[in-house]
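Enquirer: Please read through the structure below; I'll follow up with questions.
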Amino acid sequence: MSGEAWGGVAVAGVTAAYALYSRRLASSPVSSAMVFVGCGILLGPVALDIVDLKHTSEPIIALLEAALTLVLFTDAMTVRRRDLRTDGFLPARLLCVGLPLSIGAGWLLAWPLLPGLTLWELALVGAVLAPTDAALGKTAMSSPRVPALVRHGLNVESGLNDGMVLPFFVLFLAVIPGTSAAREGASGVFWRALVLSSVLGFLVGAVGGRLLRAARSRGWVSGEWAQLFVPAVATAAYALALVVNGSGFIGAWIGGFAFGSALRRLPATESRFPAAERPLPDTEPQESPAPSPDAPDPAAGFTEHLGELLASLSLLVFGAVLLGPTLEHLSWRVVGYAVLSLTVVRMVPVALALAGSGLRRPTVAYIGWFGPRGLASVVLGLLLLEEEHVQGVELMARVVAVTVGLSVLLHGVTAVALADRYGDWHEKATAAGGKLREGAPVPESARVAPRRNRRP
């Protein structure tokens, strides 16, 4: 049996084993990310040597790109404009102020700690490690003891910042000689990767959403095929952007916004479900509330679960091909930058972004700490490894690996304990009669937890 086949058997076994114990592990400090990353290290070159990027690079890269495409698309589907309006001040501050400051802080702190990297390679490190991943701090972002405003802010931030960091990533990559993006030049990347990819992604998503909406209203589409339609639209948005040498990830992200917006614009007389799923005329009519436009669309269920599976497998691959080998070549500079990335680079920009918001210090500290790094950083970091002509790519990949690895461990272990501790503080402060900004209402759509924060 070939090495690739043994790798497939091992990956399938890990996935099946976790699935069987997923409910029991959900309430423990052991997160799914910790399980898959840890198993990945065991399956990689440092231990069993079953999964290796050198021998199976194409399937691995395809897996990573598919995972990030589906995550970007479905995350964008759940976001509504009201999430960033006045009542959504928290995600707006975190995204519009905190994210650029995090990229800049990561860039500046990398300068003294990572000698040998060029100015734009340092900028790439800051951009790759800026996006957060709600899946790595599931309890911290979904616990009912945490105020709804805080959960909503962290969820929306996590759903949007991985897409918002992509323009920075492609532009920084374009100005580094020898990279794949450098062939187009900065101006070419701007028009193709940012403008054209966005336009094509928007068109694909908007048309796809309208077609599904029309097919539903006429009862043409079954529930099963409606779910399969969603990943088809996500793939089309990604692939069409690649056809014009643009960014498939940006196309998928923008496509998710357009698809979700078009699908939610249902007239009051339309049903969200096919005619075949409605009660038969001869049955006794039963009154039921009309589906809320803020409820999660049933068509996205399959795509969400598929994205979760691919994201978990991507973390396993990350442990095998990136983190495991990096653990054999640790240096104090790399570890020091990783620690600063999870603390100073995240927490100081969050504090600045929330200055004057009326939120108390425990809330600012809680939001600042729970900025875990995950799938987006993993995918962008492994894509950097494909850039063989970049001299500092190995050092950059090591920094990404250690930072994400520490995040998986630290944010996973502290999620349950800190959520309870923060919940205790909030309950006591509320009982003392204090009027907390943390208790402010949130957008209606925030009452439904985003996809990657739902517990089994």
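Order determines the names: the first chain of the structure tokens is A, the second B, and so forth; residues in each chain are numbered 1 upward, and ligands are numbered 1 upward as they are shown.
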Compile the contact shell of Val399 of chain A as a VMD selection string: residues with an atom at most 9 Å away, counting only C-alpha atoms, same-chain residues fewer than 5 positions apart removed.
Expert: chain A and resid 125 326 334 to 335 337 to 338 394 404
Enquirer: Hey, which bits of segment 196-238 of chain A sit within 8 Å of segment 243-266 of chain A, and for each residue what's the closest pair of atoms and how far apart in Å (one decimal), counting only C-alpha atoms, rows by chain and increasing number, as a Markdown table?
Expert:
| residue | atom | partner | partner_atom | distance |
| --- | --- | --- | --- | --- |
| A:Leu196 | CA | A:Gly246 | CA | 7.0 |
| A:Ser197 | CA | A:Gly251 | CA | 4.9 |
| A:Ser198 | CA | A:Gly251 | CA | 5.3 |
| A:Val199 | CA | A:Gly251 | CA | 7.8 |
| A:Leu200 | CA | A:Gly251 | CA | 6.6 |
| A:Gly201 | CA | A:Gly251 | CA | 4.1 |
| A:Phe202 | CA | A:Gly255 | CA | 4.7 |
| A:Leu203 | CA | A:Gly255 | CA | 7.3 |
| A:Val204 | CA | A:Gly255 | CA | 6.2 |
| A:Gly205 | CA | A:Phe259 | CA | 4.1 |
| A:Ala206 | CA | A:Ala258 | CA | 4.8 |
| A:Val207 | CA | A:Phe259 | CA | 7.6 |
| A:Gly208 | CA | A:Phe259 | CA | 6.3 |
| A:Gly209 | CA | A:Phe259 | CA | 4.6 |
| A:Arg210 | CA | A:Ala262 | CA | 5.7 |
| A:Leu212 | CA | A:Leu263 | CA | 7.3 |
| A:Arg213 | CA | A:Leu263 | CA | 5.8 |
| A:Ala234 | CA | A:Ala252 | CA | 5.7 |
| A:Thr235 | CA | A:Ala252 | CA | 7.5 |
| A:Ala237 | CA | A:Ala252 | CA | 5.1 |
| A:Tyr238 | CA | A:Gly248 | CA | 4.0 |
Enquirer: Could you take the residues named above and write them with N, CA and C atoms, as a tab-separated table (two decimals), in the first residue's frame?
Expert:
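selection32.tsv, freshly written:
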chain	number	residue	atom	x	y	z
A	196	LEU	N	-11.55	43.12	-9.99
A	196	LEU	CA	-12.23	42.17	-10.88
A	196	LEU	C	-12.74	40.95	-10.12
A	197	SER	N	-11.96	40.43	-9.21
A	197	SER	CA	-12.40	39.27	-8.42
A	197	SER	C	-13.64	39.61	-7.60
A	198	SER	N	-13.66	40.81	-7.04
A	198	SER	CA	-14.82	41.23	-6.25
A	198	SER	C	-16.07	41.35	-7.11
A	199	VAL	N	-15.91	41.95	-8.29
A	199	VAL	CA	-17.05	42.12	-9.19
A	199	VAL	C	-17.60	40.76	-9.63
A	200	LEU	N	-16.71	39.87	-10.05
A	200	LEU	CA	-17.15	38.55	-10.50
A	200	LEU	C	-17.78	37.76	-9.35
A	201	GLY	N	-17.17	37.81	-8.17
A	201	GLY	CA	-17.74	37.11	-7.02
A	201	GLY	C	-19.11	37.64	-6.67
A	202	PHE	N	-19.27	38.97	-6.73
A	202	PHE	CA	-20.58	39.56	-6.44
A	202	PHE	C	-21.63	39.11	-7.45
A	203	LEU	N	-21.27	39.11	-8.72
A	203	LEU	CA	-22.23	38.70	-9.75
A	203	LEU	C	-22.63	37.24	-9.58
A	204	VAL	N	-21.65	36.36	-9.35
A	204	VAL	CA	-21.96	34.94	-9.18
A	204	VAL	C	-22.85	34.73	-7.97
A	205	GLY	N	-22.52	35.37	-6.84
A	205	GLY	CA	-23.30	35.21	-5.63
A	205	GLY	C	-24.71	35.77	-5.77
A	206	ALA	N	-24.83	36.96	-6.36
A	206	ALA	CA	-26.15	37.58	-6.50
A	206	ALA	C	-27.05	36.77	-7.43
A	207	VAL	N	-26.50	36.35	-8.58
A	207	VAL	CA	-27.29	35.55	-9.52
A	207	VAL	C	-27.66	34.21	-8.89
A	208	GLY	N	-26.70	33.56	-8.22
A	208	GLY	CA	-26.98	32.29	-7.58
A	208	GLY	C	-28.06	32.39	-6.52
A	209	GLY	N	-28.01	33.43	-5.69
A	209	GLY	CA	-29.02	33.62	-4.67
A	209	GLY	C	-30.40	33.86	-5.25
A	210	ARG	N	-30.47	34.66	-6.31
A	210	ARG	CA	-31.76	34.93	-6.96
A	210	ARG	C	-32.32	33.68	-7.62
A	212	LEU	N	-31.78	30.52	-6.73
A	212	LEU	CA	-32.27	29.61	-5.71
A	212	LEU	C	-33.57	30.12	-5.10
A	213	ARG	N	-33.65	31.42	-4.90
A	213	ARG	CA	-34.88	32.01	-4.35
A	213	ARG	C	-36.06	31.78	-5.29
A	234	ALA	N	-20.31	28.68	-4.41
A	234	ALA	CA	-19.02	29.06	-3.82
A	234	ALA	C	-17.86	28.66	-4.72
A	235	THR	N	-17.92	27.46	-5.28
A	235	THR	CA	-16.87	27.00	-6.19
A	235	THR	C	-16.82	27.84	-7.45
A	237	ALA	N	-17.72	31.01	-7.80
A	237	ALA	CA	-17.15	32.32	-7.47
A	237	ALA	C	-15.64	32.23	-7.35
A	238	TYR	N	-15.16	31.17	-6.73
A	238	TYR	CA	-13.72	30.98	-6.57
A	238	TYR	C	-13.04	30.73	-7.92
Enquirer: I'd like the contact shell of Thr118 of chain A - 12 Å cut-off, only C-alpha atoms, skipping same-chain residues fewer than 5 positions apart - returned as a list in words.
Expert: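 Here the qualifying residues turn out to be Trp107, Ala110, Trp111, Pro112, Ala123, Leu124, Val125, Phe172, Leu173, Val175, Ile176, Pro177, Val390, Gln391, Gly392, Val393, Leu395 and Met396 of chain A.
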Enquirer: Which residue is closest to Ala236 of chain A? Choose from A:Thr430, A:Thr414, A:Thr403, A:Thr69 and count only C-alpha atoms.
Expert: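 Residue with the minimum atom-to-atom distance to Ala236 of chain A: A:Thr69.
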Enquirer: Suppose you want the space between atom CA of Tyr21 of chain A and atom CA of Ser143 of chain A; what is it in Å?
Expert: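 Rounded to one decimal, the two atoms are 20.5 Å apart.
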Enquirer: Could you name the residues that touch Asp52 of chain A at 7 Å or less, counting only C-alpha atoms, but leaving out those on the same chain fewer than 5 positions away, as a PyMOL selection string?
Expert: chain A and resi 44-45+321
Enquirer: Find the residues near Leu95 of chain A: any atom within 12 Å, counting only C-alpha atoms, skip ones fewer than 2 places away on the same chain, and give them as number ranges by chain.
Expert: A: 83-84, 88-93, 97-103, 130-132, 153-165, 349-350, 353-354
Enquirer: Do you have the atom CA of Phe370 of chain A-atom CA of Leu149 of chain A distance handy?
Expert: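 Taking atom CA of Phe370 of chain A as the start and atom CA of Leu149 of chain A as the end point, the length is 14.6 Å.
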Enquirer: Give me the residues within 10 Å of Glu427 of chain A as a PDB file with N, CA and C atoms, in the first residue's frame, counting only C-alpha atoms and dropping any in the same chain fewer than 6 places off.
Expert:
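Output contents, as saved in part.pdb:
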ATOM      1  N   ARG A 145     -23.235  32.544  29.356  1.00  0.00           N
ATOM      2  CA  ARG A 145     -22.872  33.409  30.480  1.00  0.00           C
ATOM      3  C   ARG A 145     -22.162  34.675  30.004  1.00  0.00           C
ATOM      4  N   VAL A 146     -21.637  34.635  28.788  1.00  0.00           N
ATOM      5  CA  VAL A 146     -20.989  35.818  28.213  1.00  0.00           C
ATOM      6  C   VAL A 146     -22.072  36.705  27.616  1.00  0.00           C
ATOM      7  N   PRO A 147     -22.057  38.020  27.874  1.00  0.00           N
ATOM      8  CA  PRO A 147     -23.089  38.902  27.334  1.00  0.00           C
ATOM      9  C   PRO A 147     -23.230  38.759  25.813  1.00  0.00           C
TER      10      PRO A 147
END
Enquirer: Between atom CA of Leu330 of chain A and atom CA of Val416 of chain A, what distance in Å does the model show, to one decimal?
Expert: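 Computed distance, atom CA of Leu330 of chain A to atom CA of Val416 of chain A, equals 29.2 Å.
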